[in-house]
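So this one's entry-v9.tsv, TSV, C-alpha atoms:
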```
chain	number	residue	atom	x	y	z
N	1	MET	CA	-33.37	-0.66	-11.06
N	2	THR	CA	-30.30	-1.45	-8.96
N	3	GLU	CA	-32.23	-4.07	-7.03
N	4	ALA	CA	-33.36	-5.71	-10.30
N	5	ILE	CA	-29.74	-5.94	-11.50
N	6	GLN	CA	-28.63	-7.33	-8.15
N	7	ASN	CA	-31.39	-9.94	-8.13
N	8	PHE	CA	-30.59	-10.94	-11.72
N	9	PHE	CA	-26.93	-11.63	-10.93
N	10	LEU	CA	-27.57	-13.34	-7.62
N	11	GLU	CA	-30.27	-15.59	-9.06
N	12	THR	CA	-28.39	-16.30	-12.29
N	13	VAL	CA	-24.84	-16.95	-11.11
N	14	GLY	CA	-25.03	-16.99	-7.31
N	15	ARG	CA	-23.16	-15.22	-4.54
N	16	GLU	CA	-19.88	-17.07	-4.99
N	17	TRP	CA	-19.61	-16.37	-8.73
N	18	CYS	CA	-20.51	-12.72	-8.20
N	19	VAL	CA	-17.59	-12.39	-5.79
N	20	PHE	CA	-15.31	-14.38	-8.12
N	21	PHE	CA	-16.03	-12.22	-11.17
N	22	CYS	CA	-15.86	-9.00	-9.15
N	23	SER	CA	-12.36	-9.92	-7.95
N	24	MET	CA	-11.21	-10.18	-11.58
N	25	ILE	CA	-12.27	-6.63	-12.53
N	26	PRO	CA	-9.40	-4.13	-12.80
N	27	ILE	CA	-9.23	-1.48	-10.05
N	28	ILE	CA	-12.04	-3.18	-8.06
N	29	GLU	CA	-10.26	-6.53	-7.68
N	30	LEU	CA	-10.49	-8.16	-4.26
N	31	ARG	CA	-10.68	-4.73	-2.61
N	32	GLY	CA	-14.29	-4.67	-3.77
N	33	ALA	CA	-14.95	-8.40	-3.95
N	34	ILE	CA	-14.31	-9.16	-0.28
N	35	PRO	CA	-16.66	-6.43	1.03
N	36	LEU	CA	-19.21	-7.66	-1.55
N	37	GLY	CA	-18.90	-11.23	-0.28
N	38	ALA	CA	-19.26	-10.02	3.31
N	39	ALA	CA	-22.39	-8.07	2.36
N	40	LEU	CA	-23.78	-11.17	0.62
N	41	GLY	CA	-23.24	-13.25	3.77
N	42	LEU	CA	-20.42	-15.51	2.64
N	43	PRO	CA	-18.24	-17.01	5.40
N	44	TRP	CA	-14.96	-15.08	5.67
N	45	TRP	CA	-12.72	-18.01	4.71
N	46	GLN	CA	-14.78	-18.85	1.61
N	47	ASN	CA	-14.92	-15.21	0.55
N	48	TYR	CA	-11.15	-14.89	1.03
N	49	LEU	CA	-10.35	-18.00	-1.06
N	50	ILE	CA	-12.76	-17.13	-3.89
N	51	SER	CA	-11.44	-13.57	-4.05
N	52	ILE	CA	-7.78	-14.67	-4.04
N	53	VAL	CA	-8.33	-17.12	-6.90
N	54	GLY	CA	-10.38	-14.67	-8.95
N	55	ASN	CA	-7.89	-11.86	-8.44
N	56	PHE	CA	-4.96	-14.08	-9.43
N	57	ILE	CA	-6.42	-15.42	-12.71
N	58	PRO	CA	-5.60	-12.32	-14.85
N	59	VAL	CA	-1.99	-12.15	-13.61
N	60	PRO	CA	-0.31	-14.68	-15.94
N	61	PHE	CA	-2.15	-13.26	-18.96
N	62	ILE	CA	-1.01	-9.73	-18.12
N	63	LEU	CA	2.57	-10.90	-17.60
N	64	LEU	CA	2.60	-12.81	-20.88
N	65	PHE	CA	0.81	-10.40	-23.20
N	66	ILE	CA	0.97	-6.80	-21.94
N	67	ASN	CA	4.36	-5.98	-23.47
N	68	ALA	CA	3.16	-7.06	-26.93
N	69	ILE	CA	-0.02	-5.03	-26.48
N	70	LEU	CA	1.92	-1.95	-25.36
N	71	ARG	CA	4.35	-2.26	-28.30
N	72	TRP	CA	1.39	-2.47	-30.66
N	73	MET	CA	-0.21	0.55	-28.99
N	74	SER	CA	2.97	2.63	-29.24
N	75	HIS	CA	3.14	1.97	-33.00
N	76	SER	CA	-0.60	2.33	-33.60
N	77	ARG	CA	-2.07	5.00	-35.85
N	78	VAL	CA	-4.57	5.79	-33.10
N	79	LYS	CA	-3.15	8.75	-31.20
N	80	PHE	CA	-4.89	7.79	-27.95
N	81	PHE	CA	-3.12	4.41	-27.91
N	82	ASN	CA	0.22	6.10	-28.63
N	83	LYS	CA	-0.29	8.55	-25.78
N	84	VAL	CA	-1.25	5.86	-23.27
N	85	ALA	CA	1.67	3.58	-24.18
N	86	ASN	CA	4.20	6.42	-24.27
N	87	TRP	CA	2.91	7.84	-20.97
N	88	LEU	CA	3.27	4.43	-19.36
N	89	TYR	CA	6.79	3.90	-20.71
N	90	SER	CA	7.90	7.40	-19.61
N	91	LYS	CA	6.40	6.89	-16.15
N	92	ALA	CA	8.19	3.54	-15.88
N	93	GLU	CA	11.49	5.03	-17.05
N	94	LYS	CA	11.19	7.88	-14.54
N	95	ASN	CA	10.82	5.39	-11.65
N	96	ARG	CA	13.11	2.66	-13.06
N	97	GLU	CA	15.82	2.95	-10.40
N	98	LYS	CA	13.42	2.64	-7.46
N	99	ILE	CA	11.43	-0.18	-9.02
N	100	GLU	CA	14.44	-2.24	-10.06
N	101	LYS	CA	16.02	-1.81	-6.62
N	102	TYR	CA	13.00	-3.32	-4.84
N	103	ALA	CA	11.68	-5.41	-7.76
N	104	PHE	CA	10.30	-8.57	-6.10
N	105	TRP	CA	9.27	-7.14	-2.73
N	106	GLY	CA	8.33	-3.81	-4.29
N	107	VAL	CA	5.77	-5.45	-6.57
N	108	ALA	CA	4.50	-7.62	-3.69
N	109	LEU	CA	4.06	-4.56	-1.46
N	110	PHE	CA	2.46	-2.56	-4.28
N	111	VAL	CA	-0.07	-5.34	-4.90
N	112	ALA	CA	-0.69	-5.74	-1.14
N	113	ILE	CA	-1.69	-2.11	-0.53
N	114	PRO	CA	-5.50	-2.14	-0.64
N	115	LEU	CA	-6.04	1.14	-2.47
N	116	PRO	CA	-7.47	1.91	-5.91
N	117	ALA	CA	-4.87	1.80	-8.73
N	118	THR	CA	-2.73	-0.65	-6.79
N	119	GLY	CA	-3.28	-4.35	-7.00
N	120	ALA	CA	-2.62	-7.41	-9.12
N	121	TRP	CA	-3.40	-5.78	-12.47
N	122	THR	CA	-1.12	-2.79	-11.96
N	123	GLY	CA	1.57	-4.79	-10.16
N	124	SER	CA	1.66	-7.32	-13.00
N	125	LEU	CA	1.85	-4.49	-15.51
N	126	VAL	CA	4.83	-3.01	-13.65
N	127	ALA	CA	6.57	-6.40	-13.43
N	128	ALA	CA	6.05	-7.01	-17.16
N	129	VAL	CA	7.24	-3.56	-18.24
N	130	PHE	CA	10.45	-4.06	-16.24
N	131	ASN	CA	10.90	-7.56	-17.64
N	132	MET	CA	10.90	-9.32	-14.29
N	133	LYS	CA	11.11	-13.08	-14.68
N	134	PHE	CA	7.72	-14.68	-15.16
N	135	TRP	CA	7.75	-17.01	-12.14
N	136	LYS	CA	9.28	-14.37	-9.89
N	137	SER	CA	6.52	-11.95	-10.95
N	138	MET	CA	3.85	-14.59	-10.34
N	139	LEU	CA	5.15	-15.31	-6.83
N	140	SER	CA	5.44	-11.62	-6.04
N	141	ALA	CA	1.86	-11.03	-7.20
N	142	ILE	CA	0.40	-13.95	-5.23
N	143	ILE	CA	2.14	-12.79	-2.04
N	144	GLY	CA	0.70	-9.30	-2.52
N	145	ILE	CA	-2.77	-10.66	-3.34
N	146	CYS	CA	-2.79	-12.85	-0.21
N	147	VAL	CA	-1.72	-9.96	2.02
N	148	ALA	CA	-4.30	-7.61	0.48
N	149	GLY	CA	-6.92	-10.34	0.96
N	150	ILE	CA	-6.04	-10.68	4.63
N	151	VAL	CA	-6.24	-6.91	5.14
N	152	MET	CA	-9.58	-6.62	3.36
N	153	THR	CA	-11.02	-9.66	5.17
N	154	LEU	CA	-10.06	-8.21	8.54
N	155	ILE	CA	-11.56	-4.85	7.59
N	156	SER	CA	-14.74	-6.36	6.10
N	157	TYR	CA	-15.49	-8.92	8.80
N	158	GLY	CA	-13.81	-7.30	11.77
N	159	PHE	CA	-10.80	-8.64	13.61
N	160	VAL	CA	-12.88	-10.40	16.26
N	161	ALA	CA	-15.22	-12.19	13.83
N	162	VAL	CA	-12.33	-13.73	11.87
N	163	PHE	CA	-10.63	-15.14	14.98
N	164	ALA	CA	-13.81	-16.21	16.78
```

Translate the structure described by the file into C-alpha cells.
Amino acid sequence: MTEAIQNFFLETVGREWCVFFCSMIPIIELRGAIPLGAALGLPWWQNYLISIVGNFIPVPFILLFINAILRWMSHSRVKFFNKVANWLYSKAEKNREKIEKYAFWGVALFVAIPLPATGAWTGSLVAAVFNMKFWKSMLSAIIGICVAGIVMTLISYGFVAVFA
C-alpha cells in the first residue's frame, strides 16, 4: 500500500514537487523534505533550494492572517477554538519578556533549530502574535529557514558529500 502511494506521487508530480509540497507541511517542513529529497536522489543543492522556497511560501500568509484567525477563534462559539486561542495567547504572554528581548534573532534561531514544533510555521506565528513588523519577521524567518536547510542538508547528505 505504501509503495502504491509513493509510486502514485512520484509518477504524478515528480520528485521535485514531492519535496516542494513536503516542505510546506506544518511540523514536517524542510526537516522532512530535505531527507526525502536525499532519499529520492536529488542533488543536494537542488534539494536545498526547492525545500527553502517551499518552506518559505506559507510565511507571509501566516504573518498576514494568523492574528485575525486567532481573534476569530477566541470569540468563536466552538469551545475547542476558544481553548486553543486562549492557550496560545497565555503561553505568549508568559514568555513575552524573553521573546520581545530577542525578537528578530530569537525568531531566526527558533526557526533554525531543526526539531519538531520549531520552524517557519511556528516562528511566523510567534512573530505575528508579538506584532513584529512584517518585513522584519520575513527576514528573520528566511534567515532561520536557510540555516535549518544547511543543517538538514549536511545531516542528510553528509558533510563530505556536500563539499566534494

Determine the nearest neighbour of Ile155 of chain N from the options N:Tyr89, N:Phe104, N:Trp44, N:Phe20, counting all atoms listed in the file.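 Smallest distance to Ile155 of chain N is found for N:Trp44.
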
Residue nearest Ala92 of chain N - candidates N:Ile145, N:Leu139, N:Leu10, N:Val126, atoms counted: only C-alpha atoms: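 Checking each candidate against Ala92 of chain N, we get N:Val126 as the closest.
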
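Of the residues under consideration (N:Pro60, N:Gly14, N:Gly123, N:Pro35), N:Pro35 shows the shortest atom-to-atom contact distance to Ile150 of chain N when counting all atoms listed in the file.
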
Using all atoms listed in the file for the distances, tell me which of N:Cys146, N:Met73, N:Leu40, N:Ala108 is nearest to Val53 of chain N.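 With all atoms listed in the file as the atom set, the closest residue is N:Cys146.
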
List the spatial neighbours of Leu88 of chain N as a compact mmCIF listing (two decimals) with C-alpha atoms, keeping the file's coordinate frame - criterion: any atom at most 10 Å away, only C-alpha atoms, same-chain residues fewer than 6 positions off excluded.
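selection_11.txt, freshly written:
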```txt
# COMPACT_ATOMS: atom_id res chain seq x y z
CA LEU N 70 1.92 -1.95 -25.36
CA ASN N 82 0.22 6.10 -28.63
CA LYS N 94 11.19 7.88 -14.54
CA LEU N 125 1.85 -4.49 -15.51
CA VAL N 126 4.83 -3.01 -13.65
CA VAL N 129 7.24 -3.56 -18.24
```

Select, from N:Val78, N:Ile142, N:Val151, N:Val111, the residue with the minimum atom-to-atom distance to Ile57 of chain N, counting all atoms listed in the file.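 Closest to Ile57 of chain N, using all atoms listed in the file: N:Ile142.
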
Since the input lacks atoms, please generate N, CA and C atoms for segment 58-83 of chain N and provide them as a short mmCIF file (atom, residue, chain, number, x, y, z; two decimals), keeping the file's coordinate frame.
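Here's the written file part_3.cif:
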```cif
data_model
loop_
_atom_site.label_atom_id
_atom_site.label_comp_id
_atom_site.auth_asym_id
_atom_site.auth_seq_id
_atom_site.Cartn_x
_atom_site.Cartn_y
_atom_site.Cartn_z
N PRO N 58 -6.12 -13.17 -13.77
CA PRO N 58 -5.60 -12.32 -14.85
C PRO N 58 -4.07 -12.16 -14.86
N VAL N 59 -3.42 -12.43 -13.75
CA VAL N 59 -1.99 -12.15 -13.61
C VAL N 59 -1.13 -12.79 -14.70
N PRO N 60 -1.19 -14.11 -14.92
CA PRO N 60 -0.31 -14.68 -15.94
C PRO N 60 -0.58 -14.13 -17.34
N PHE N 61 -1.83 -13.81 -17.65
CA PHE N 61 -2.15 -13.26 -18.96
C PHE N 61 -1.55 -11.86 -19.13
N ILE N 62 -1.62 -11.06 -18.07
CA ILE N 62 -1.01 -9.73 -18.12
C ILE N 62 0.49 -9.86 -18.30
N LEU N 63 1.12 -10.72 -17.51
CA LEU N 63 2.57 -10.90 -17.60
C LEU N 63 3.01 -11.38 -18.98
N LEU N 64 2.23 -12.24 -19.59
CA LEU N 64 2.60 -12.81 -20.88
C LEU N 64 2.33 -11.88 -22.07
N PHE N 65 1.26 -11.10 -22.00
CA PHE N 65 0.81 -10.40 -23.20
C PHE N 65 0.89 -8.88 -23.16
N ILE N 66 1.07 -8.26 -22.01
CA ILE N 66 0.97 -6.80 -21.94
C ILE N 66 2.07 -6.09 -22.71
N ASN N 67 3.28 -6.64 -22.72
CA ASN N 67 4.36 -5.98 -23.47
C ASN N 67 4.06 -5.95 -24.97
N ALA N 68 3.53 -7.04 -25.51
CA ALA N 68 3.16 -7.06 -26.93
C ALA N 68 2.04 -6.07 -27.21
N ILE N 69 1.09 -5.98 -26.31
CA ILE N 69 -0.02 -5.03 -26.48
C ILE N 69 0.49 -3.59 -26.43
N LEU N 70 1.38 -3.30 -25.48
CA LEU N 70 1.92 -1.95 -25.36
C LEU N 70 2.78 -1.58 -26.57
N ARG N 71 3.56 -2.53 -27.09
CA ARG N 71 4.35 -2.26 -28.30
C ARG N 71 3.42 -1.94 -29.47
N TRP N 72 2.36 -2.72 -29.59
CA TRP N 72 1.39 -2.47 -30.66
C TRP N 72 0.76 -1.08 -30.49
N MET N 73 0.40 -0.75 -29.25
CA MET N 73 -0.21 0.55 -28.99
C MET N 73 0.74 1.70 -29.32
N SER N 74 2.02 1.54 -29.00
CA SER N 74 2.97 2.63 -29.24
C SER N 74 3.23 2.85 -30.73
N HIS N 75 2.97 1.84 -31.56
CA HIS N 75 3.14 1.97 -33.00
C HIS N 75 1.80 2.11 -33.75
N SER N 76 0.73 2.24 -33.01
CA SER N 76 -0.60 2.33 -33.60
C SER N 76 -0.81 3.69 -34.25
N ARG N 77 -1.69 3.74 -35.21
CA ARG N 77 -2.07 5.00 -35.85
C ARG N 77 -3.05 5.79 -34.99
N VAL N 78 -3.62 5.13 -34.00
CA VAL N 78 -4.57 5.79 -33.10
C VAL N 78 -3.78 6.58 -32.06
N LYS N 79 -3.93 7.88 -32.08
CA LYS N 79 -3.15 8.75 -31.20
C LYS N 79 -3.37 8.44 -29.72
N PHE N 80 -4.59 8.11 -29.36
CA PHE N 80 -4.89 7.79 -27.95
C PHE N 80 -4.03 6.63 -27.47
N PHE N 81 -3.94 5.57 -28.28
CA PHE N 81 -3.12 4.41 -27.91
C PHE N 81 -1.66 4.80 -27.77
N ASN N 82 -1.16 5.62 -28.71
CA ASN N 82 0.22 6.10 -28.63
C ASN N 82 0.47 6.86 -27.33
N LYS N 83 -0.46 7.74 -27.00
CA LYS N 83 -0.29 8.55 -25.78
C LYS N 83 -0.27 7.69 -24.53
#
```
